[in-house]
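**Student:** Submitted below is the structure of interest, expressed as structure tokens.
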Amino acid sequence: MTAWAVFEHLHRPSLYFAEVRRILKAGGRFVFLVTNSESFWGRRANREDVPRHTYHFSADALAAYARKHAFELTHVTYDDGIFDARGKGTFRWAFSRAAGVTWPAFYRGELSLLQSAARLAGKTLDGIVFSLHWEAWLGRSGIMVAEFHKP
């Protein structure tokens with residue numbers, strides 16, 4: 001198992017899948033959590049986090065990694081019980097970009113009053129639009145827990 005939310009931070013995920021394949025015993029299982037690129041949250045809300053999040057995955061992409069590294073993809077669960085991936089941040093970051101907020105300025109806390117107000121307005125709209133967990137009702141989630149098996 002890996003800690004949750006690791007693989008979206010890797011610059012070359014294939015190297016890590018290869019290493020897991022190398023060290024995992026035959027019959028072993030590798031369980032990991034990744035962001036779901038097919039969800040609203042995975043597609044939209046994390047665009048602001050590009051300096052930290054370099055990859056998002058779909059079930060098809062995970063199946064391709066499994067085939068490439070001689071694993072079997074045995075299970076994919078769409079579950080954001082570990083991390084709430086409703087889409088919050090979508091409007092906050094859209095409004096932030098419109099107000100000219102850059103990642104370095106945000107990170108250092110160097111925002112103008114207008115930029116801070118734009119972020120607050122977006123956060124408020126996020127709270128309204130995503131107060132109900134409508135994406136889960138559609139059978140999607142921003143988070144996937146996947147399981148690879150090494151034959």
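Residue numbers start at 1 in each chain; chains themselves are named A, B, ... in the order of the structure tokens; ligands are numbered from 1 in the order shown.
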Using only C-alpha atoms, which protein or nucleic acid residues come within 8 Å of Ala59 of chain A? Drop anything in the same chain fewer than 3 positions from it, and give the result as a VMD selection string.
**Tutor:** chain A and resid 36 62 to 63 76
**Student:** Since we have the selection now, will you write its residues out, keeping C-alpha atoms, as a compact mmCIF listing (two decimals), in the first residue's frame?
**Tutor:**
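Wrote again.txt, looks like this:
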```
# COMPACT_ATOMS: atom_id res chain seq x y z
CA ASN A 36 -9.82 10.44 -10.93
CA LEU A 62 -4.55 2.51 -14.66
CA ALA A 63 -5.41 -0.54 -16.78
CA VAL A 76 -11.13 0.15 -8.81
```
**Student:** Just list the residues in segment 8-149 of chain A DSSP gives alpha helix (DSSP H) on the backbone, as a PDB file with N, CA and C atoms, in the first residue's frame.
**Tutor:**
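Output below, filename selection06.pdb:
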```pdb
ATOM      1  N   PRO A  13       5.392   8.438 -13.324  1.00  0.00           N
ATOM      2  CA  PRO A  13       4.742   7.342 -12.591  1.00  0.00           C
ATOM      3  C   PRO A  13       5.175   5.959 -13.046  1.00  0.00           C
ATOM      4  N   SER A  14       5.477   5.801 -14.319  1.00  0.00           N
ATOM      5  CA  SER A  14       5.840   4.482 -14.830  1.00  0.00           C
ATOM      6  C   SER A  14       7.065   3.905 -14.109  1.00  0.00           C
ATOM      7  N   LEU A  15       7.995   4.764 -13.741  1.00  0.00           N
ATOM      8  CA  LEU A  15       9.170   4.286 -12.996  1.00  0.00           C
ATOM      9  C   LEU A  15       8.768   3.669 -11.666  1.00  0.00           C
ATOM     10  N   TYR A  16       7.779   4.248 -11.016  1.00  0.00           N
ATOM     11  CA  TYR A  16       7.346   3.762  -9.713  1.00  0.00           C
ATOM     12  C   TYR A  16       6.541   2.472  -9.843  1.00  0.00           C
ATOM     13  N   PHE A  17       5.693   2.391 -10.888  1.00  0.00           N
ATOM     14  CA  PHE A  17       4.983   1.133 -11.119  1.00  0.00           C
ATOM     15  C   PHE A  17       5.986   0.015 -11.398  1.00  0.00           C
ATOM     16  N   ALA A  18       7.032   0.316 -12.147  1.00  0.00           N
ATOM     17  CA  ALA A  18       8.071  -0.683 -12.434  1.00  0.00           C
ATOM     18  C   ALA A  18       8.774  -1.115 -11.148  1.00  0.00           C
ATOM     19  N   GLU A  19       9.060  -0.176 -10.271  1.00  0.00           N
ATOM     20  CA  GLU A  19       9.728  -0.510  -9.004  1.00  0.00           C
ATOM     21  C   GLU A  19       8.821  -1.348  -8.111  1.00  0.00           C
ATOM     22  N   VAL A  20       7.550  -1.011  -8.063  1.00  0.00           N
ATOM     23  CA  VAL A  20       6.610  -1.825  -7.283  1.00  0.00           C
ATOM     24  C   VAL A  20       6.589  -3.242  -7.841  1.00  0.00           C
ATOM     25  N   ARG A  21       6.554  -3.368  -9.153  1.00  0.00           N
ATOM     26  CA  ARG A  21       6.569  -4.684  -9.801  1.00  0.00           C
ATOM     27  C   ARG A  21       7.826  -5.458  -9.389  1.00  0.00           C
ATOM     28  N   ARG A  22       8.957  -4.768  -9.344  1.00  0.00           N
ATOM     29  CA  ARG A  22      10.223  -5.422  -9.008  1.00  0.00           C
ATOM     30  C   ARG A  22      10.234  -5.939  -7.569  1.00  0.00           C
ATOM     31  N   ILE A  23       9.749  -5.156  -6.622  1.00  0.00           N
ATOM     32  CA  ILE A  23       9.875  -5.532  -5.204  1.00  0.00           C
ATOM     33  C   ILE A  23       8.699  -6.343  -4.667  1.00  0.00           C
ATOM     34  N   PHE A  40     -15.485  15.593 -12.229  1.00  0.00           N
ATOM     35  CA  PHE A  40     -15.479  17.047 -12.333  1.00  0.00           C
ATOM     36  C   PHE A  40     -14.327  17.614 -11.523  1.00  0.00           C
ATOM     37  N   TRP A  41     -14.182  17.133 -10.314  1.00  0.00           N
ATOM     38  CA  TRP A  41     -13.126  17.614  -9.425  1.00  0.00           C
ATOM     39  C   TRP A  41     -11.754  17.343 -10.026  1.00  0.00           C
ATOM     40  N   GLY A  42     -11.537  16.130 -10.530  1.00  0.00           N
ATOM     41  CA  GLY A  42     -10.245  15.780 -11.102  1.00  0.00           C
ATOM     42  C   GLY A  42      -9.912  16.585 -12.349  1.00  0.00           C
ATOM     43  N   ARG A  43     -10.926  16.928 -13.126  1.00  0.00           N
ATOM     44  CA  ARG A  43     -10.706  17.683 -14.364  1.00  0.00           C
ATOM     45  C   ARG A  43     -10.546  19.172 -14.123  1.00  0.00           C
ATOM     46  N   ARG A  44     -11.288  19.710 -13.193  1.00  0.00           N
ATOM     47  CA  ARG A  44     -11.351  21.165 -13.055  1.00  0.00           C
ATOM     48  C   ARG A  44     -10.655  21.722 -11.812  1.00  0.00           C
ATOM     49  N   ALA A  59      -9.591   5.096 -14.918  1.00  0.00           N
ATOM     50  CA  ALA A  59      -9.522   3.635 -14.799  1.00  0.00           C
ATOM     51  C   ALA A  59      -8.828   3.043 -16.025  1.00  0.00           C
ATOM     52  N   ASP A  60      -9.077   3.612 -17.204  1.00  0.00           N
ATOM     53  CA  ASP A  60      -8.418   3.124 -18.422  1.00  0.00           C
ATOM     54  C   ASP A  60      -6.905   3.334 -18.361  1.00  0.00           C
ATOM     55  N   ALA A  61      -6.480   4.483 -17.841  1.00  0.00           N
ATOM     56  CA  ALA A  61      -5.039   4.748 -17.715  1.00  0.00           C
ATOM     57  C   ALA A  61      -4.401   3.762 -16.729  1.00  0.00           C
ATOM     58  N   LEU A  62      -5.093   3.477 -15.629  1.00  0.00           N
ATOM     59  CA  LEU A  62      -4.555   2.512 -14.664  1.00  0.00           C
ATOM     60  C   LEU A  62      -4.458   1.122 -15.294  1.00  0.00           C
ATOM     61  N   ALA A  63      -5.450   0.755 -16.090  1.00  0.00           N
ATOM     62  CA  ALA A  63      -5.408  -0.539 -16.777  1.00  0.00           C
ATOM     63  C   ALA A  63      -4.209  -0.600 -17.726  1.00  0.00           C
ATOM     64  N   ALA A  64      -3.919   0.504 -18.399  1.00  0.00           N
ATOM     65  CA  ALA A  64      -2.767   0.547 -19.309  1.00  0.00           C
ATOM     66  C   ALA A  64      -1.452   0.410 -18.536  1.00  0.00           C
ATOM     67  N   TYR A  65      -1.338   1.087 -17.389  1.00  0.00           N
ATOM     68  CA  TYR A  65      -0.134   0.932 -16.555  1.00  0.00           C
ATOM     69  C   TYR A  65      -0.012  -0.515 -16.072  1.00  0.00           C
ATOM     70  N   ALA A  66      -1.128  -1.113 -15.695  1.00  0.00           N
ATOM     71  CA  ALA A  66      -1.104  -2.504 -15.227  1.00  0.00           C
ATOM     72  C   ALA A  66      -0.588  -3.423 -16.331  1.00  0.00           C
ATOM     73  N   ARG A  67      -1.123  -3.269 -17.538  1.00  0.00           N
ATOM     74  CA  ARG A  67      -0.669  -4.104 -18.663  1.00  0.00           C
ATOM     75  C   ARG A  67       0.818  -3.883 -18.947  1.00  0.00           C
ATOM     76  N   LYS A  68       1.230  -2.619 -18.964  1.00  0.00           N
ATOM     77  CA  LYS A  68       2.621  -2.287 -19.279  1.00  0.00           C
ATOM     78  C   LYS A  68       3.597  -2.930 -18.304  1.00  0.00           C
ATOM     79  N   THR A  90     -13.058  24.780  -7.342  1.00  0.00           N
ATOM     80  CA  THR A  90     -13.270  25.088  -8.757  1.00  0.00           C
ATOM     81  C   THR A  90     -13.489  26.577  -8.975  1.00  0.00           C
ATOM     82  N   PHE A  91     -14.441  27.163  -8.276  1.00  0.00           N
ATOM     83  CA  PHE A  91     -14.743  28.580  -8.458  1.00  0.00           C
ATOM     84  C   PHE A  91     -13.714  29.467  -7.772  1.00  0.00           C
ATOM     85  N   ARG A  92     -13.225  29.019  -6.620  1.00  0.00           N
ATOM     86  CA  ARG A  92     -12.205  29.807  -5.914  1.00  0.00           C
ATOM     87  C   ARG A  92     -10.995  30.031  -6.816  1.00  0.00           C
ATOM     88  N   TRP A  93     -10.552  28.973  -7.507  1.00  0.00           N
ATOM     89  CA  TRP A  93      -9.384  29.113  -8.361  1.00  0.00           C
ATOM     90  C   TRP A  93      -9.705  29.782  -9.684  1.00  0.00           C
ATOM     91  N   ALA A  94     -10.919  29.602 -10.196  1.00  0.00           N
ATOM     92  CA  ALA A  94     -11.306  30.315 -11.423  1.00  0.00           C
ATOM     93  C   ALA A  94     -11.326  31.818 -11.156  1.00  0.00           C
ATOM     94  N   PHE A  95     -11.915  32.215 -10.042  1.00  0.00           N
ATOM     95  CA  PHE A  95     -11.959  33.633  -9.683  1.00  0.00           C
ATOM     96  C   PHE A  95     -10.561  34.153  -9.380  1.00  0.00           C
ATOM     97  N   SER A  96      -9.735  33.311  -8.770  1.00  0.00           N
ATOM     98  CA  SER A  96      -8.355  33.704  -8.465  1.00  0.00           C
ATOM     99  C   SER A  96      -7.575  33.980  -9.748  1.00  0.00           C
ATOM    100  N   ARG A  97      -7.701  33.069 -10.720  1.00  0.00           N
ATOM    101  CA  ARG A  97      -7.005  33.273 -12.001  1.00  0.00           C
ATOM    102  C   ARG A  97      -7.495  34.547 -12.685  1.00  0.00           C
ATOM    103  N   ALA A  98      -8.817  34.775 -12.634  1.00  0.00           N
ATOM    104  CA  ALA A  98      -9.384  35.984 -13.248  1.00  0.00           C
ATOM    105  C   ALA A  98      -8.843  37.248 -12.576  1.00  0.00           C
ATOM    106  N   TRP A 103       0.354  31.062  -8.592  1.00  0.00           N
ATOM    107  CA  TRP A 103       0.654  30.087  -7.543  1.00  0.00           C
ATOM    108  C   TRP A 103       1.725  30.602  -6.588  1.00  0.00           C
ATOM    109  N   PRO A 104       2.841  31.151  -7.076  1.00  0.00           N
ATOM    110  CA  PRO A 104       3.857  31.648  -6.131  1.00  0.00           C
ATOM    111  C   PRO A 104       3.315  32.750  -5.205  1.00  0.00           C
ATOM    112  N   ALA A 105       2.511  33.668  -5.748  1.00  0.00           N
ATOM    113  CA  ALA A 105       1.961  34.745  -4.905  1.00  0.00           C
ATOM    114  C   ALA A 105       1.029  34.163  -3.855  1.00  0.00           C
ATOM    115  N   PHE A 106       0.216  33.191  -4.257  1.00  0.00           N
ATOM    116  CA  PHE A 106      -0.687  32.547  -3.295  1.00  0.00           C
ATOM    117  C   PHE A 106       0.124  31.844  -2.216  1.00  0.00           C
ATOM    118  N   TYR A 107       1.105  31.080  -2.641  1.00  0.00           N
ATOM    119  CA  TYR A 107       1.922  30.307  -1.718  1.00  0.00           C
ATOM    120  C   TYR A 107       2.608  31.199  -0.688  1.00  0.00           C
ATOM    121  N   ARG A 108       3.073  32.349  -1.130  1.00  0.00           N
ATOM    122  CA  ARG A 108       3.768  33.279  -0.223  1.00  0.00           C
ATOM    123  C   ARG A 108       2.810  34.205   0.517  1.00  0.00           C
ATOM    124  N   LEU A 113      -5.948  43.074  -1.904  1.00  0.00           N
ATOM    125  CA  LEU A 113      -7.296  43.037  -1.344  1.00  0.00           C
ATOM    126  C   LEU A 113      -8.290  42.516  -2.384  1.00  0.00           C
ATOM    127  N   LEU A 114      -8.162  42.955  -3.639  1.00  0.00           N
ATOM    128  CA  LEU A 114      -9.045  42.491  -4.711  1.00  0.00           C
ATOM    129  C   LEU A 114      -8.875  40.991  -4.939  1.00  0.00           C
ATOM    130  N   GLN A 115      -7.649  40.515  -4.945  1.00  0.00           N
ATOM    131  CA  GLN A 115      -7.400  39.090  -5.147  1.00  0.00           C
ATOM    132  C   GLN A 115      -7.974  38.268  -3.992  1.00  0.00           C
ATOM    133  N   SER A 116      -7.813  38.745  -2.781  1.00  0.00           N
ATOM    134  CA  SER A 116      -8.377  38.048  -1.622  1.00  0.00           C
ATOM    135  C   SER A 116      -9.895  38.030  -1.685  1.00  0.00           C
ATOM    136  N   ALA A 117     -10.504  39.136  -2.114  1.00  0.00           N
ATOM    137  CA  ALA A 117     -11.959  39.208  -2.243  1.00  0.00           C
ATOM    138  C   ALA A 117     -12.456  38.242  -3.330  1.00  0.00           C
ATOM    139  N   ALA A 118     -11.713  38.148  -4.434  1.00  0.00           N
ATOM    140  CA  ALA A 118     -12.092  37.226  -5.508  1.00  0.00           C
ATOM    141  C   ALA A 118     -12.048  35.787  -5.013  1.00  0.00           C
ATOM    142  N   ARG A 119     -11.019  35.462  -4.268  1.00  0.00           N
ATOM    143  CA  ARG A 119     -10.913  34.101  -3.716  1.00  0.00           C
ATOM    144  C   ARG A 119     -12.053  33.806  -2.760  1.00  0.00           C
ATOM    145  N   LEU A 120     -12.407  34.761  -1.931  1.00  0.00           N
ATOM    146  CA  LEU A 120     -13.506  34.580  -0.977  1.00  0.00           C
ATOM    147  C   LEU A 120     -14.842  34.400  -1.704  1.00  0.00           C
ATOM    148  N   ALA A 121     -15.064  35.189  -2.761  1.00  0.00           N
ATOM    149  CA  ALA A 121     -16.302  35.052  -3.537  1.00  0.00           C
ATOM    150  C   ALA A 121     -16.369  33.663  -4.180  1.00  0.00           C
ATOM    151  N   GLY A 122     -15.263  33.201  -4.733  1.00  0.00           N
ATOM    152  CA  GLY A 122     -15.218  31.870  -5.334  1.00  0.00           C
ATOM    153  C   GLY A 122     -15.437  30.771  -4.311  1.00  0.00           C
ATOM    154  N   LYS A 123     -14.852  30.936  -3.151  1.00  0.00           N
ATOM    155  CA  LYS A 123     -15.024  29.947  -2.084  1.00  0.00           C
ATOM    156  C   LYS A 123     -16.484  29.875  -1.660  1.00  0.00           C
ATOM    157  N   THR A 124     -17.132  31.024  -1.585  1.00  0.00           N
ATOM    158  CA  THR A 124     -18.553  31.056  -1.218  1.00  0.00           C
ATOM    159  C   THR A 124     -19.384  30.322  -2.268  1.00  0.00           C
ATOM    160  N   LEU A 125     -19.111  30.595  -3.542  1.00  0.00           N
ATOM    161  CA  LEU A 125     -19.833  29.919  -4.611  1.00  0.00           C
ATOM    162  C   LEU A 125     -19.555  28.413  -4.595  1.00  0.00           C
ATOM    163  N   ASP A 126     -18.321  28.021  -4.327  1.00  0.00           N
ATOM    164  CA  ASP A 126     -17.990  26.592  -4.173  1.00  0.00           C
ATOM    165  C   ASP A 126     -18.869  25.962  -3.093  1.00  0.00           C
ATOM    166  N   GLY A 127     -18.987  26.647  -1.969  1.00  0.00           N
ATOM    167  CA  GLY A 127     -19.773  26.127  -0.854  1.00  0.00           C
ATOM    168  C   GLY A 127     -21.232  25.916  -1.219  1.00  0.00           C
ATOM    169  N   ILE A 128     -21.763  26.793  -2.064  1.00  0.00           N
ATOM    170  CA  ILE A 128     -23.163  26.664  -2.484  1.00  0.00           C
ATOM    171  C   ILE A 128     -23.323  25.536  -3.499  1.00  0.00           C
ATOM    172  N   VAL A 129     -22.526  25.574  -4.566  1.00  0.00           N
ATOM    173  CA  VAL A 129     -22.663  24.605  -5.661  1.00  0.00           C
ATOM    174  C   VAL A 129     -22.332  23.185  -5.207  1.00  0.00           C
ATOM    175  N   TRP A 134     -23.418  15.900  -5.340  1.00  0.00           N
ATOM    176  CA  TRP A 134     -24.105  15.474  -6.562  1.00  0.00           C
ATOM    177  C   TRP A 134     -23.263  14.573  -7.448  1.00  0.00           C
ATOM    178  N   GLU A 135     -21.958  14.726  -7.424  1.00  0.00           N
ATOM    179  CA  GLU A 135     -21.126  13.857  -8.267  1.00  0.00           C
ATOM    180  C   GLU A 135     -21.170  12.411  -7.768  1.00  0.00           C
ATOM    181  N   ALA A 136     -21.211  12.214  -6.470  1.00  0.00           N
ATOM    182  CA  ALA A 136     -21.336  10.853  -5.924  1.00  0.00           C
ATOM    183  C   ALA A 136     -22.676  10.246  -6.327  1.00  0.00           C
ATOM    184  N   TRP A 137     -23.712  11.059  -6.396  1.00  0.00           N
ATOM    185  CA  TRP A 137     -25.011  10.560  -6.837  1.00  0.00           C
ATOM    186  C   TRP A 137     -24.968  10.105  -8.287  1.00  0.00           C
TER     187      TRP A 137
END
```
**Student:** At a cut-off of 10 Å, using only C-alpha atoms, what residues contact Asp84 of chain A? Leave out same-chain residues fewer than 2 positions from it and give the result as a VMD selection string.
**Tutor:** chain A and resid 41 79 to 82 86 to 88 133 141 to 143
**Student:** Go ahead and write the residues just picked, C-alpha atoms, as a CSV table (one decimal), in the first residue's frame.
**Tutor:**
```csv
chain,number,residue,atom,x,y,z
A,41,TRP,CA,-13.1,17.6,-9.4
A,79,ASP,CA,-14.6,6.6,-3.1
A,80,ASP,CA,-13.9,10.0,-1.7
A,81,GLY,CA,-14.6,9.0,1.9
A,82,ILE,CA,-10.9,9.3,2.5
A,86,ARG,CA,-16.6,17.2,-4.4
A,87,GLY,CA,-15.2,20.0,-6.6
A,88,LYS,CA,-14.6,22.6,-4.0
A,133,HIS,CA,-22.5,15.6,-3.1
A,141,SER,CA,-15.8,10.5,-7.4
A,142,GLY,CA,-12.7,12.5,-7.6
A,143,ILE,CA,-10.8,9.7,-5.9
```
**Student:** Using Å and a single decimal, report how far atom CA of Thr77 of chain A sits from atom CA of Val34 of chain A.
**Tutor:**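 Atom-to-atom, atom CA of Val34 of chain A and atom CA of Thr77 of chain A are spaced 10.5 Å apart.
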**Student:** Select, from A:His75, A:Arg140, A:His149, A:His9, the residue with the minimum atom-to-atom distance to Ser37 of chain A, counting only C-alpha atoms.
**Tutor:**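 So, comparing all the options, the nearest one is A:Arg140.
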**Student:** Please run DSSP on the backbone and report, as a VMD selection string, all residues within segment 11-151 of chain A that come out as strand (DSSP E or B).
**Tutor:** chain A and resid 29 to 36 57 72 to 78 143 to 149
**Student:** What would the file look like if the residues just selected were written as a CSV table (one decimal), in the first residue's frame with C-alpha atoms?
**Tutor:**
```csv
chain,number,residue,atom,x,y,z
A,29,ARG,CA,-1.2,-6.8,-4.1
A,30,PHE,CA,-0.5,-3.1,-4.5
A,31,VAL,CA,-3.3,-0.9,-3.3
A,32,PHE,CA,-3.1,2.8,-3.9
A,33,LEU,CA,-5.3,5.9,-4.1
A,34,VAL,CA,-5.2,8.3,-7.0
A,35,THR,CA,-7.1,11.3,-8.4
A,36,ASN,CA,-9.8,10.4,-10.9
A,57,PHE,CA,-5.6,9.0,-13.7
A,72,GLU,CA,-3.6,-7.3,-13.2
A,73,LEU,CA,-5.9,-4.4,-12.3
A,74,THR,CA,-8.2,-6.3,-10.0
A,75,HIS,CA,-10.3,-3.5,-8.5
A,76,VAL,CA,-11.1,0.1,-8.8
A,77,THR,CA,-13.4,1.8,-6.2
A,78,TYR,CA,-14.6,5.3,-6.6
A,143,ILE,CA,-10.8,9.7,-5.9
A,144,MET,CA,-10.1,6.2,-6.9
A,145,VAL,CA,-8.7,3.4,-4.8
A,146,ALA,CA,-7.1,0.9,-7.2
A,147,GLU,CA,-5.6,-2.6,-6.6
A,148,PHE,CA,-3.0,-4.2,-8.8
A,149,HIS,CA,-2.2,-7.9,-8.4
```
**Student:** Taking 2 positions as the minimum chain separation for residues in the same chain, which residues sit within 8 Å of Tyr55 of chain A when counting only C-alpha atoms? Answer as number ranges by chain.
**Tutor:** A: 7-11, 53, 57
**Student:** Just write the chosen residues, C-alpha atoms, as a PDB file, in the first residue's frame.
**Tutor:**
```
ATOM      1  CA  PHE A   7       0.960   9.024  -7.457  1.00  0.00           C
ATOM      2  CA  GLU A   8      -0.454  12.318  -8.721  1.00  0.00           C
ATOM      3  CA  HIS A   9       2.712  14.010  -7.434  1.00  0.00           C
ATOM      4  CA  LEU A  10       5.139  11.843  -9.401  1.00  0.00           C
ATOM      5  CA  HIS A  11       6.843  13.181 -12.483  1.00  0.00           C
ATOM      6  CA  HIS A  53      -0.100  17.577  -8.965  1.00  0.00           C
ATOM      7  CA  PHE A  57      -5.566   9.009 -13.720  1.00  0.00           C
TER       8      PHE A  57
END
```
**Student:** Got a sec: who's within 8 Å of Pro151 of chain A, counting only C-alpha atoms, leaving out chain neighbours fewer than 3 positions off, as number ranges by chain?
**Tutor:** A: 26-28, 71-72
**Student:** With N, CA and C atoms retained, write the just-selected residues as a compact mmCIF listing (two decimals), in the first residue's frame.
**Tutor:**
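Wrote it out as result.txt, contents follow:
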```txt
# COMPACT_ATOMS: atom_id res chain seq x y z
N ALA A 26 5.39 -12.42 -5.94
CA ALA A 26 4.33 -13.03 -6.76
C ALA A 26 3.11 -13.27 -5.88
N GLY A 27 1.95 -12.93 -6.39
CA GLY A 27 0.71 -13.05 -5.62
C GLY A 27 0.41 -11.83 -4.78
N GLY A 28 1.37 -10.88 -4.75
CA GLY A 28 1.19 -9.69 -3.93
C GLY A 28 0.21 -8.70 -4.54
N PHE A 71 0.96 -6.33 -14.41
CA PHE A 71 0.05 -6.48 -13.28
C PHE A 71 -1.34 -6.80 -13.82
N GLU A 72 -2.20 -7.23 -12.93
CA GLU A 72 -3.63 -7.30 -13.22
C GLU A 72 -4.30 -6.20 -12.42
```
**Student:** As an exercise, work out the distance from atom CA of Phe83 of chain A to atom CA of Lys25 of chain A in Å and give it to one decimal place.
**Tutor:**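 Here the two named atoms are 29.6 Å from each other.
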